[in-house]
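To start, the structure under review is shown below, and the notes come after it.
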Amino acid sequence: MAVPRLVDIADDKKAQLWWQQDDFDEFLKVRIEIAKAYKAAAQTLGVEFNAVCSVGAHSFAGYQAMSEAYPSLKDESRRGLGLGRKRSRAKNRVAYISAVTREQKRQHDLGIVDEEALSRVAGRHSKNDQEYAHFLAQTYYEQDRADEAAEKEKEAEEASGESICLPDMEASGRKESQSARHSRIGSNESTRKADDDSPSRFWTFSRFKELLVVSWIF
């Protein structure tokens with residue numbers, strides 16, 4: 001049986017298998033719209049941009065202000081967008097590349113190849129971003145588990161006939177469309193209470209400030 005060459009597949013068939021340029025253009029467009037919306041929300045609240053990121057001190061208030069002003073974005077997520085970290089990310093990227101290229105030049109001048117040395121240099125200059133990524137992963141995991149637990153508790157109370165009073169923002173549901181798949185947490189954000197007193201949320205945000213305050217330049 002002959003297997004057709006992938007390059008010969010029609011464009012519409014390729015689009016069913018892989019992301020196309022139009023898809024990436026749309027991702028970027030939505031990302032820019034989200035960033036602008038949350039920047040406006042931060043200005044409305046009178047707080048720093050980073051304070052309305054998904055783990056910021058005003059994350060829920062930021063979501064409320066954003067969704068009221070831009071209802072079309074209410075199911076889009078801030079996760080992974082690095083809101084408020086544009087300058088920090090750029091600074092870290094330049095520092096990383098500069099350090100690695102300097103080490104490469106040093107080894108070239110000495111006529112040696114030391115991959116372990118390169119690894120150490122790269123690891124040292126990517127440590128803060130690595131810790132930040134680990135922090136976000138842990139925080140998102142805890143947030144999702146807390147949301148799931150709250151949803152189960154709500155279902156159990158409803159099943160037992162007990163009435164439960166929820167703010168309007170918590171009634172938005174958790175529908176997940178394929179077009180918004182990359183922003184799944186948007187619906188979760190709409191269910192998180194403004195006065196959330198989950199110990200894990202306060203602990204992780206406190207840890208976040210301790211770990212990354214040096215590298216955060218807004």
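Here, A, B, ... name the chains of the structure tokens in the order displayed, residue numbers run from 1 inside each chain, and ligands are numbered from 1 in the same displayed order.
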
Write out as a ChimeraX atom specification each polymer residue whose atoms come within 10 Å of Ala95 of chain A, counting only C-alpha atoms; drop sequence neighbours fewer than 4 positions from it.
/A:89-91,99-100,122,125-126

Selection: 9 Å around segment 32-42 of chain A, only C-alpha atoms, excl. self and same-chain fewer than 6 positions, as a short mmCIF file (atom, residue, chain, number, x, y, z; two decimals) with C-alpha atoms, in the first residue's frame:
data_model
loop_
_atom_site.label_atom_id
_atom_site.label_comp_id
_atom_site.auth_asym_id
_atom_site.auth_seq_id
_atom_site.Cartn_x
_atom_site.Cartn_y
_atom_site.Cartn_z
CA GLU A 48 -0.04 47.71 38.35
CA PHE A 49 -0.53 45.59 35.24
CA ASN A 50 0.99 42.49 36.84
CA ALA A 51 -1.53 42.70 39.69
CA VAL A 52 -4.33 41.56 37.36
CA CYS A 53 -2.48 38.56 35.93
CA HIS A 58 -6.24 41.66 41.98
CA ALA A 61 -11.23 42.04 40.28
CA GLY A 62 -9.21 42.37 37.08
CA TYR A 63 -11.23 39.61 35.44
CA GLN A 64 -14.50 41.27 36.46
CA ALA A 65 -13.43 44.68 35.13
CA MET A 66 -12.13 43.15 31.92
CA SER A 67 -15.21 41.00 31.23
CA ALA A 69 -15.68 46.15 29.42
CA TYR A 70 -14.88 43.38 26.91
CA LEU A 73 -13.21 37.99 25.99
CA GLU A 76 -10.45 33.79 27.27
CA SER A 77 -7.64 33.03 29.68
CA ARG A 78 -4.65 35.01 30.94
CA LEU A 81 0.42 35.11 28.43
CA LEU A 83 0.93 39.73 31.49
CA GLY A 84 3.14 42.39 33.05
#

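Minimum atom-to-atom distance to Ser88 of chain A, evaluated using only C-alpha atoms, belongs to A:Asp129 out of A:Asp11, A:Asp109, A:Glu158, A:Asp129.
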
Please run DSSP on the backbone and report, as a ChimeraX atom specification, all residues within segment 28-152 of chain A that come out as helix (DSSP H, G or I).
/A:28-45,49-52,59-69,71-73,86-110,115-125,127-152

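Put simply, atom CA of Leu136 of chain A is 10.4 Å away from atom CA of Gly82 of chain A.
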
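Here atom CA of Arg31 of chain A is placed at a distance of 14.0 Å from atom CA of Arg85 of chain A.
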